[in-house]
Structures are given as C-alpha cells and as structure tokens.
Amino acid sequence: MGYAVMQACEGGEAVELHGRERPASVMLKSSWPRKTWPAWAVLGVGLLATVFASLLVKQRVELDAVRQFAFASDQVTLKIQDRLGAYALILRGAAALFAASNAVDRQQWRAYVETLRPDGSVPGVQGIGFAQLIPADELAAHIARIRSEGFPEYTIRPSGERAIYTSIIYLEPFRGRNVRAFGFDMLSEPVRRTAMEQARDTGEASLSGKVELVQETGTEVQAGTLMYVPVYRNGMPRDTLGQRQAALIGWAYSPYRMNDLMAGILQDWESHEGRTVDLHIYDGLQATPASLLIGSNAAHTPGLHSLFYQQRTIDFNGHQWLLVFDHISIPSGISYATAWSALTGGLALSGLLFGLMLSLINERSNAARISKLIDENMRREELLKESEYRWKFAIEGSRDGVWDWNIQTDEAKYSKRWKEMLGYAGDDILPTNEEWVNRIYPDDQSYVAGAMQAYLDGKTEFYVVEYRIRCKDGSYKWILGRGMVVSRSEDGKPLRMIGTHSDITERKQMEDQVRQLAFYDTLTELPNRRLLDDRLSQTMATTKRSGCYGAVMFLDLDNFKPLNDTHGHEVGDLLLIEAATRLKSCVRETDTVARFGGDEFVVLLSDLNADKTESTSQAGMVAEKIRFTLSAPYLLTIKHEGKADTTVEHHCTASIGVALFINHEASQDDIFNWADTAMYQAKKAGRNLVQFYE
C-alpha cells in the first residue's frame with residue numbers, strides 16, 4: 001500500500017493522509033459548522049417567529065383593551081339614555097297632574113317634586129318647573145294674580161310687546177340659582193323656542209340645543225340644556241297639530257347644567273377608569289367648539305387616530321347628541337405581560353430548541369427529556385390563555401356584577417360585585433347555575449327562562465331581561481340582566497355565556513311613584529279619571545263577551561260645602577278620605593271606586609247579570625248599601641300643633657245616579673252623562689236618594 005491512513009487519537013496525535021499530516025483540532029473545527037447549521041437555522045426561525053408572535057399578542061392585548069373601552073362607552077351611553085328617559089318620565093308625571101285636575105297650585109307642585117326626591121333618585125336635575133302660556137290680552141291679569149300670591153316685584157322678563165308670552169311660575173326647589181329663573185319668558189329665546197314648539201306640536205318630550213341658563217351667576221358658568229313636556233288643557237282634543245296647539249296651556253320642564261348633570265349620571269365612572277378617560281359631548285352630530293356641551297378634560301382634544309377613539313350618538317325624540325370617548329394616555333389597565341411572556345417564552349423556547357438540536361447532534365439520548373419540557377411549557381401556555389379569556393369580559397367599572405356560565409357542565413362563576421349586590425360574601429355562593437336560578441322571584445322564573453331559551457335558540461338577537469332576585473336578607477331587588485354567548489361547538493350549540501347584572505331597583509321605584517301620581521288621586525289614593533276611563537273601557541269589552549250588564553254610579557256628597565266653609569279644606573279632606581274608605585268597603589275587589597273631582601265619586605260595577613231586571617236589582621242593592629253607609633255620622637279628628645286634638649261630628653248624605661250598560665250600546669261619555677243626569681234627578685227629588693237613568 002503506497003500510503004498510510006491514521007486516525008487521530010484522543011491525545012491529539014497527528015493525522016497522516018496520503019502521506020500528508022494535519023492536526024486533529026483543525027479537523028474538529030472544520031466539521032463543527034457542518035454539523036450545527038440546522039440548530040442555528042432553527043434558532044433564527046424561532047427568533048423571527050417569537051418577535052412576530054409577540055407583536056400579534058401585543059395587538060390582541062390592545063384589541064381587548066379597545067373592546068373593553070368600547071363596552072364601557074356603550075354602558076355610559078346607555079346610562080345617559082336611560083337617565084334622559086327617566087327625566088322625561090318625571091316631566092310626564094308632572095304634566096299628568098294637570099290632566100288629573102282642573103288646576104295645579106304652587107303647593108301641589110312643590111308636594112309633587114318633594115315626593116319624587118329627585119336629588120336622591122335622579123341626581124343632576126337643576127329643578128322641575130312649569131312655564132305658563134300667556135296671551136298678550138291676559139298679561140296684566142296674570143301679573144296681578146302672581147303678585148297677589150306674595151311676589152309684589154314679579155314681572156315677565158325680558159320686557160317688550162309680543163303676541164304671546166310664557167313665564168316660569170313654578171320651579172322647585174325654589175331657592176338659590178332657581179330664583180333667578182322666576183318670571184323668565186323662555187319663548188323669547190330662539191333655541192328654547194325651537195324645543196318648546198317641537199314639544200307642543202309632537203306631544204312628546206324634547207331637548208333644547210346648547211344654551212346658557214338664566215340660573216348662571218357669572219362664575220363657573222356651565223353649558224346648559226333644557227327638557228320640555230307639553231301640558232294641554234284637560235278635556236280638549238289633541239289628535240291633530242291644530243288641536244294640540246289650541247289645547248296648550250304651558251310646559252313642564254327641567255333645566256340642566258351639563259357638568260352637574262353628567263356628574264349625577266356618571267358618578268364614579270371616570271375615577272374607575274383611572275382618570276385617563278376623556279368624554280366630550282356635543283350638541284348635534286358635529287364635534288365643534290361651539291357645540292361642545294361638556295368635556296371631562298379641557299386640555300385634551302380626542303383624536304381620530306387615537307387607539308381608543310370612540311363615537312356614540314344619542315337620539316332623544318329627534319334631538320341628537322354626539323359622544324366622543326378617548327384615553328388621554330395609555331391606561332394603566334392595559335397589561336403587556338402576555339406579550340412579554342410570549343416574547344420571553346419564545347426566546348426561551350428558541351433557545352431550548354437550539355439546545356435541543358445541539359443535544360441531538362451530541363447526544364440523542366436527551367430527546368425524551370427535552371420533549372417532556374416542551375409539553376409542559378405548552379400546557380402552561382394553554383392554561384394561561386384560558387385564564388385570560390375567562391376574565392377579559394369582567395368589566396365592573398359600571399358597578400355591575402359579572403357572571404360566567406359553562407352551559408355544558410352548568411357551572412357558573414360570579415364576580416365579587418355580583419355577590420355584594422345581593423348582600424353575600426365570597427364563600428356564600430357556590431359555583432353553580434342553580435345559585436342564580438333559585439333566587440329569581442317565583443312569578444318571574446318562567447319569563448326569565450323563556451327569554452334565556454329564546455336567545456340560546458337564536459330566536460332573539462340579544463339576551464336582555466328585567467326581573468326580581470332575592471337578596472341574603474330575604475328582600476328582592478330589580479335586576480337588569482344582559483348576556484352573550486362567547487363560545488359555540490362546531491355544530492353551533494352554545495357552550496359558554498358571559499353577562500352582567502345591573503341593580504335597577506331605584507329606577508323601578510321611581511316608575512311606580514310616577515305611575516301612582518299619574519293614575520291615582522293624591523288625597524284619597526282612589527283611581528282618578530284617567531284610570532277610570534281605562535277600567536270602563538275594559539268593562540265595556542267584557543260585557544260584550546259575557547253578555548252581562550255593567551253599571552256606573554255617580555255620587556255627590558249632599559252636605560259637603562258647609563263643612564269646608566265652617567272648618568276649612570283640611571277638615572273637608574278628612575271627610576273625603578273617610579268617604580273613600582267607606583265606599584271601598586261596599587263593593588267587590590273586582591269593582592272600581594274612583595274620585596271624579598271635588599266631592600264627586602264614581603263606582604263602576606262589572607259582571608252583573610245577563611238579565612236587565614236582575615242587574616238593576618243588583619245595582620240597586622249596592623247603591624242602597626252605599627247610601628246607608630255614607631249617611632252614618634262622621635267623627636273627624638283635627639290635629640293642632642302644640643295643642644290638644646279636637647273632634648268634629650258631621651252628618652253627610654249622598655245623592656246617587658245609576659246607569660246600566662252592555663255591549664258597547666253607547667260611548668263612555670254617554671254612560672257618564674246618563675249616570676250624572678240620574679244623580680241630578682236624585683238631588684232635585686230631595687237628596688239622599690238613588691235614581692236610575694231611564
């Protein structure tokens with residue numbers, strides 16, 4: 001053999017190849033790059049993928065933050081819309097006072113506003129007032145009347161001759177800034193006039209444009225707006241535009257200073273957002289300085305290119321507001337921990353893969369151990385993602401409770417605020433759906449279950465429902481529930497649902513108060529004329545279906561005026577209250593006793609008999625029972641401050657007119673006129689009698 005081949009030994013001896021010698025270290029260095037280039041390639045790809053994945057995670061974090069911010073913006077918008085609706089409901093209740101009586105004096109107006117307690121139930125209201133419509137030929141008489149009420153300096157501002165005037169004659173609370181508005185003619189100012197005419201012509205509540213309120217004192221001036229509800233003369237038709245204009249007697253209205261109004265509506269929303277949220281509200285749809293109603297941060301102007309820039313619009317009966325939301329700076333609530341985790345994890349994983357490749361090159365026995373480490377790392381990443389996803393909708397800035405329902409396992413998670421809303425601590429509520437279902441008010445359970453099932457079946461677009469839920473102390477709260485499905489199976493079945501609970505108990509109580517004022521007499525708590533008309537309409541429809549007669553009784557107290565003249569209206573009111581109590585004791589629960597006005601009452605009997613003679617006998621028995629009960633002596637106790645109470649004995653009878661009806665044979669007005677005619681016949685015949693209309 002002409003040449004010798006020698007292997008390098010471990011001691012580093014020389015290598016001879018074809019008669020040439022090369023050091024062993026040179027051979028090792030030259031072969032190392034060829035062996036390790038796959039590991040370096042994997043490291044490079046891993047680093048690029050890590051940077052790309054980290055950027056994607058960062059974008060997802062920002063997108064989630066924007067979604068949360070958009071959700072919060074929606075909540076604020078809905079809160080403002082709900083509050084404007086509540087203000088309109090209050091003003092409609094005020095207008096209903098005029099519909100329930102021929103006149104409303106200053107004391108009655110003050111009593112209505114004090115009953116509502118707007119400072120506690122709907123904060124931010126500057127006042128609740130009434131502006132009277134005054135023709136030019138009645139101006140002098142109007143000024144004289146108001147001055148005679150104890151306001152000798154009263155006049156209408158601004159001065160000057162006009163075809164028609166208005167004047168703010170009632171405004172509660174009548175103190176502080178509100179006194180400056182007394183006597184102001186709002187119709188003389190174009191922006192207010194536009195809103196007042198819109199309310200007059202449509203019959204609906206209207207908002208004015210941006211104004212400076214007359215309540216402003218020149219310091220800390222705020223932009224203002226006003227809400228109007230028309231007040232029409234009782235009994236006049238208002239089906240057409242001309243009829244509404246002819247029937248108008250004034251406006252129930254409320255002035256709002258925008259900063260105070262928003263502070264009352266939003267309360268702690270801005271502080272919850274870390275004082276980095278900027279909210280601007282503009283009158284109309286153009287974001288101009290002239291139309292700015294309120295800006296939470298005067299030094300910051302929202303930018304269209306901002307990550308968190310949001311716009312919402314509110315349309316209140318044709319008048320629009322533009323709401324612009326933005327973050328002044330990147331909020332502290334955004335955490336890039338997941339992005340940093342992805343970057344750190346990616347770098348670690350790339351290094352791990354690099355080491356793995358090197359290990360595979362040098363020692364294949366390490367493959368199993370490295371694979372196990374990779375599996376554990378991937379499992380930790382999946383658990384982290386699941387934890388982030390579960391709570392990314394947990395937005396409790398609006399003081400709402402949050403729930404998370406696994407539909408397959410029927411497990412449920414409830415936020416701390418959800419439990420606090422019902423008076424529970426953290427360990428009092430188990431993580432099951434039954435904890436919620438079993439606390440729903442029994443009468444509401446089928447309704448709530450139906451709404452939930454309709455949403456899960458895709459029959460409704462949203463799950464939004466109002467119901468009552470039991471608290472820890474056994475009481476019930478009104479809840480507004482909202483929710484959405486966030487996960488579905490491949491065949492479309494819902495797997496997971498997340499939602500919120502809002503406490504709307506105060507709003508429900510306010511609605512009940514307004515309903516009570518609108519449909520019941522404030523003195524006797526009997527139904528008023530408006531509710532009586534509705535009950536009569538229902539009874540007439542019932543007689544048509546059943547074929548049985550109904551009856552209307554008109555009652556007038558025969559000896560009421562002397563009591564008022566002798567002892568005053570307070571004692572007369574005591575007699576009316578006692579008469580109402582006696583009337584209710586004479587009829588069935590299905591019948592209706594109403595106060596028609598003054599000392600006149602109406603009794604509506606339903607479901608008598610199909611035979612007219614028998615029905616006449618039944619109605620006559622009830623009428624005689626009422627006449628006998630009302631004729632018993634009245635012992636009226638008069639309270640005296642600082643003195644002993646006194647008792648007045650009074651004898652008072654009633655003249656009663658009765659009219660039968662069936663099957664829509666006459667209109668409601670006809671039936672009332674029949675009973676009224678019969679009542680006057682009873683009076684002419686000597687009083688304390690029952691007379692049927694023939």
# chains A, B, ... in the order shown; residues from 1 in each chain; ligands from 1
>>> select_by_dssp(residues="range 389-441 of chain A", states="strand (DSSP E or B)", output="list in words")
Gly401, Val402, Trp403, Asp404, Trp405, Asn406, Glu411, Ala412, Lys413, Tyr414, Thr432 and Ile440 of chain A
>>> write_last_selection(atoms="N, CA, C and O atoms", output="mmCIF file, in the first residue's frame")
data_model
loop_
_atom_site.group_PDB
_atom_site.id
_atom_site.type_symbol
_atom_site.label_atom_id
_atom_site.label_comp_id
_atom_site.auth_asym_id
_atom_site.auth_seq_id
_atom_site.Cartn_x
_atom_site.Cartn_y
_atom_site.Cartn_z
ATOM 1 N N GLY A 401 -72.519 43.508 38.290
ATOM 2 C CA GLY A 401 -71.982 42.200 38.594
ATOM 3 C C GLY A 401 -71.777 41.393 37.322
ATOM 4 O O GLY A 401 -72.521 41.543 36.355
ATOM 5 N N VAL A 402 -70.760 40.534 37.323
ATOM 6 C CA VAL A 402 -70.414 39.744 36.131
ATOM 7 C C VAL A 402 -70.587 38.261 36.449
ATOM 8 O O VAL A 402 -70.245 37.810 37.544
ATOM 9 N N TRP A 403 -71.170 37.502 35.491
ATOM 10 C CA TRP A 403 -71.297 36.053 35.641
ATOM 11 C C TRP A 403 -70.774 35.348 34.402
ATOM 12 O O TRP A 403 -70.789 35.883 33.305
ATOM 13 N N ASP A 404 -70.276 34.117 34.609
ATOM 14 C CA ASP A 404 -69.654 33.323 33.545
ATOM 15 C C ASP A 404 -70.216 31.906 33.671
ATOM 16 O O ASP A 404 -69.957 31.208 34.649
ATOM 17 N N TRP A 405 -71.015 31.464 32.664
ATOM 18 C CA TRP A 405 -71.778 30.212 32.753
ATOM 19 C C TRP A 405 -71.252 29.215 31.735
ATOM 20 O O TRP A 405 -71.287 29.477 30.524
ATOM 21 N N ASN A 406 -70.771 28.035 32.221
ATOM 22 C CA ASN A 406 -70.422 26.908 31.367
ATOM 23 C C ASN A 406 -71.696 26.101 31.151
ATOM 24 O O ASN A 406 -72.159 25.390 32.042
ATOM 25 N N GLU A 411 -71.778 24.787 35.380
ATOM 26 C CA GLU A 411 -71.001 25.527 36.365
ATOM 27 C C GLU A 411 -71.094 27.020 36.068
ATOM 28 O O GLU A 411 -71.254 27.413 34.913
ATOM 29 N N ALA A 412 -70.977 27.821 37.100
ATOM 30 C CA ALA A 412 -71.074 29.274 36.932
ATOM 31 C C ALA A 412 -70.111 29.952 37.888
ATOM 32 O O ALA A 412 -69.914 29.507 39.025
ATOM 33 N N LYS A 413 -69.518 31.039 37.413
ATOM 34 C CA LYS A 413 -68.637 31.859 38.245
ATOM 35 C C LYS A 413 -69.277 33.233 38.388
ATOM 36 O O LYS A 413 -69.813 33.774 37.420
ATOM 37 N N TYR A 414 -69.231 33.792 39.603
ATOM 38 C CA TYR A 414 -69.847 35.075 39.898
ATOM 39 C C TYR A 414 -68.789 36.019 40.452
ATOM 40 O O TYR A 414 -67.998 35.644 41.321
ATOM 41 N N THR A 432 -72.362 27.303 40.874
ATOM 42 C CA THR A 432 -73.346 26.573 40.073
ATOM 43 C C THR A 432 -74.386 27.531 39.539
ATOM 44 O O THR A 432 -74.668 28.574 40.148
ATOM 45 N N ILE A 440 -84.362 33.690 41.770
ATOM 46 C CA ILE A 440 -85.268 34.506 40.958
ATOM 47 C C ILE A 440 -86.658 34.496 41.588
ATOM 48 O O ILE A 440 -87.135 33.457 42.058
#
>>> atom_distance(atom1="CA of Thr542 in chain A", atom2="CA of Ser606 in chain A")
8.3 Å
>>> atom_distance(atom1="CA of Gly176 in chain A", atom2="CA of Gln215 in chain A")
8.6 Å
>>> closest_residue(among="A:Gln668, A:Ser415, A:Val66, A:Pro633", to="Asp534 in chain A", atoms="only C-alpha atoms")
A:Gln668
>>> select_by_dssp(residues="range 136-290 of chain A", states="helix (DSSP H, G or I)", output="number ranges by chain")
A: 136-148, 176-181, 186-188, 190-202, 241-247, 258-266, 269-272, 289-290
>>> atom_distance(atom1="CA of Ile429 in chain A", atom2="CA of Ala449 in chain A")
20.6 Å
>>> residues_around(residues="Met553 in chain A", least_positions_apart="4", cutoff="7 Å", atoms="only C-alpha atoms", output="list in words")
Val602, Val603, Leu604, Ile656, Gly657, Val658, Ala659 and Ala675 of chain A
>>> closest_atom_pairs(of="range 113-171 of chain A", to="range 229-244 of chain A", cutoff="10 Å", atoms="only C-alpha atoms", output="Markdown table")
| residue | atom | partner | partner_atom | distance |
| --- | --- | --- | --- | --- |
| A:Phe130 | CA | A:Val231 | CA | 9.0 |
| A:Ala131 | CA | A:Val231 | CA | 9.4 |
| A:Gln132 | CA | A:Val231 | CA | 9.1 |
| A:Leu133 | CA | A:Val231 | CA | 9.8 |
>>> write_last_selection(atoms="N, CA and C atoms", output="mmCIF file, in the first residue's frame")
data_model
loop_
_atom_site.group_PDB
_atom_site.id
_atom_site.type_symbol
_atom_site.label_atom_id
_atom_site.label_comp_id
_atom_site.auth_asym_id
_atom_site.auth_seq_id
_atom_site.Cartn_x
_atom_site.Cartn_y
_atom_site.Cartn_z
ATOM 1 N N PHE A 130 -92.675 74.649 35.835
ATOM 2 C CA PHE A 130 -93.801 74.782 34.907
ATOM 3 C C PHE A 130 -93.791 76.204 34.350
ATOM 4 N N ALA A 131 -93.822 76.319 33.006
ATOM 5 C CA ALA A 131 -93.877 77.598 32.313
ATOM 6 C C ALA A 131 -95.263 77.756 31.711
ATOM 7 N N GLN A 132 -95.969 78.822 32.095
ATOM 8 C CA GLN A 132 -97.345 79.027 31.646
ATOM 9 C C GLN A 132 -97.376 79.828 30.344
ATOM 10 N N LEU A 133 -98.288 79.451 29.437
ATOM 11 C CA LEU A 133 -98.521 80.180 28.191
ATOM 12 C C LEU A 133 -99.500 81.322 28.476
#
>>> closest_residue(among="A:Ile662, A:Met258, A:Leu605, A:Ile134", to="Val221 in chain A", atoms="only C-alpha atoms")
A:Met258
>>> residues_around(residues="Val125 in chain A", least_positions_apart="6", cutoff="12 Å", atoms="only C-alpha atoms", output="ChimeraX atom specification")
/A:83-84,86-88,90-91,113,116-119,171-173,178,224-227,253-265
>>> residues_around(residues="Arg417 in chain A", least_positions_apart="5", cutoff="10 Å", atoms="only C-alpha atoms", output="PyMOL selection string")
chain A and resi 396+399-403+422-426+501
>>> closest_residue(among="A:Tyr447, A:Tyr336, A:Tyr634, A:Phe71", to="Arg582 in chain A", atoms="only C-alpha atoms")
A:Tyr634
>>> residues_around(residues="Ala144 in chain A", least_positions_apart="5", cutoff="10 Å", atoms="only C-alpha atoms", output="PyMOL selection string")
chain A and resi 139+149+151-152+154-155
>>> write_last_selection(atoms="all heavy atoms", output="PDB file, in the first residue's frame")
ATOM      1  N   LEU A 139    -101.991  89.359  29.880  1.00  0.00           N
ATOM      2  CA  LEU A 139    -100.724  89.608  30.553  1.00  0.00           C
ATOM      3  C   LEU A 139    -100.923  90.360  31.863  1.00  0.00           C
ATOM      4  O   LEU A 139    -100.386  89.977  32.903  1.00  0.00           O
ATOM      5  CB  LEU A 139     -99.786  90.389  29.622  1.00  0.00           C
ATOM      6  CG  LEU A 139     -98.418  90.738  30.217  1.00  0.00           C
ATOM      7  CD1 LEU A 139     -97.656  89.472  30.574  1.00  0.00           C
ATOM      8  CD2 LEU A 139     -97.624  91.601  29.228  1.00  0.00           C
ATOM      9  N   GLU A 149    -100.054  86.533  45.066  1.00  0.00           N
ATOM     10  CA  GLU A 149     -99.646  85.316  45.760  1.00  0.00           C
ATOM     11  C   GLU A 149     -98.442  85.562  46.680  1.00  0.00           C
ATOM     12  O   GLU A 149     -97.891  84.622  47.250  1.00  0.00           O
ATOM     13  CB  GLU A 149     -99.302  84.225  44.750  1.00  0.00           C
ATOM     14  CG  GLU A 149    -100.507  83.731  43.963  1.00  0.00           C
ATOM     15  CD  GLU A 149    -100.127  82.682  42.923  1.00  0.00           C
ATOM     16  OE1 GLU A 149     -98.938  82.348  42.833  1.00  0.00           O
ATOM     17  OE2 GLU A 149    -101.032  82.205  42.213  1.00  0.00           O
ATOM     18  N   PHE A 151     -95.678  87.871  45.691  1.00  0.00           N
ATOM     19  CA  PHE A 151     -94.491  88.256  44.925  1.00  0.00           C
ATOM     20  C   PHE A 151     -94.726  89.651  44.336  1.00  0.00           C
ATOM     21  O   PHE A 151     -94.990  89.799  43.139  1.00  0.00           O
ATOM     22  CB  PHE A 151     -94.199  87.242  43.815  1.00  0.00           C
ATOM     23  CG  PHE A 151     -94.051  85.835  44.301  1.00  0.00           C
ATOM     24  CD1 PHE A 151     -95.121  84.951  44.296  1.00  0.00           C
ATOM     25  CD2 PHE A 151     -92.825  85.405  44.811  1.00  0.00           C
ATOM     26  CE1 PHE A 151     -94.975  83.658  44.739  1.00  0.00           C
ATOM     27  CE2 PHE A 151     -92.672  84.110  45.258  1.00  0.00           C
ATOM     28  CZ  PHE A 151     -93.760  83.231  45.237  1.00  0.00           C
ATOM     29  N   PRO A 152     -94.662  90.698  45.147  1.00  0.00           N
ATOM     30  CA  PRO A 152     -95.029  92.048  44.689  1.00  0.00           C
ATOM     31  C   PRO A 152     -94.130  92.579  43.578  1.00  0.00           C
ATOM     32  O   PRO A 152     -94.545  93.473  42.839  1.00  0.00           O
ATOM     33  CB  PRO A 152     -94.910  92.886  45.960  1.00  0.00           C
ATOM     34  CG  PRO A 152     -93.953  92.117  46.846  1.00  0.00           C
ATOM     35  CD  PRO A 152     -94.226  90.684  46.563  1.00  0.00           C
ATOM     36  N   TYR A 154     -92.933  90.791  41.077  1.00  0.00           N
ATOM     37  CA  TYR A 154     -92.980  89.851  39.939  1.00  0.00           C
ATOM     38  C   TYR A 154     -93.282  90.589  38.634  1.00  0.00           C
ATOM     39  O   TYR A 154     -94.142  91.471  38.574  1.00  0.00           O
ATOM     40  CB  TYR A 154     -94.042  88.794  40.187  1.00  0.00           C
ATOM     41  CG  TYR A 154     -94.340  87.948  38.973  1.00  0.00           C
ATOM     42  CD1 TYR A 154     -93.505  86.891  38.616  1.00  0.00           C
ATOM     43  CD2 TYR A 154     -95.446  88.215  38.160  1.00  0.00           C
ATOM     44  CE1 TYR A 154     -93.767  86.121  37.503  1.00  0.00           C
ATOM     45  CE2 TYR A 154     -95.710  87.442  37.043  1.00  0.00           C
ATOM     46  CZ  TYR A 154     -94.869  86.399  36.710  1.00  0.00           C
ATOM     47  OH  TYR A 154     -95.132  85.635  35.603  1.00  0.00           O
ATOM     48  N   THR A 155     -92.573  90.225  37.573  1.00  0.00           N
ATOM     49  CA  THR A 155     -92.866  90.688  36.211  1.00  0.00           C
ATOM     50  C   THR A 155     -92.282  89.672  35.248  1.00  0.00           C
ATOM     51  O   THR A 155     -91.542  88.760  35.646  1.00  0.00           O
ATOM     52  CB  THR A 155     -92.272  92.079  35.954  1.00  0.00           C
ATOM     53  OG1 THR A 155     -92.746  92.558  34.692  1.00  0.00           O
ATOM     54  CG2 THR A 155     -90.741  92.010  35.907  1.00  0.00           C
TER      55      THR A 155
END
>>> closest_residue(among="A:Leu430, A:Ala623, A:Cys586, A:Ile407", to="Leu456 in chain A", atoms="only C-alpha atoms")
A:Ile407
>>> residues_around(residues="Ile671 in chain A", least_positions_apart="2", cutoff="8 Å", atoms="only C-alpha atoms", output="number ranges by chain")
A: 552, 659-661, 666-669, 673-675
>>> closest_residue(among="A:Phe308, A:Phe519, A:Glu62, A:Met378", to="Gly346 in chain A", atoms="only C-alpha atoms")
A:Met378
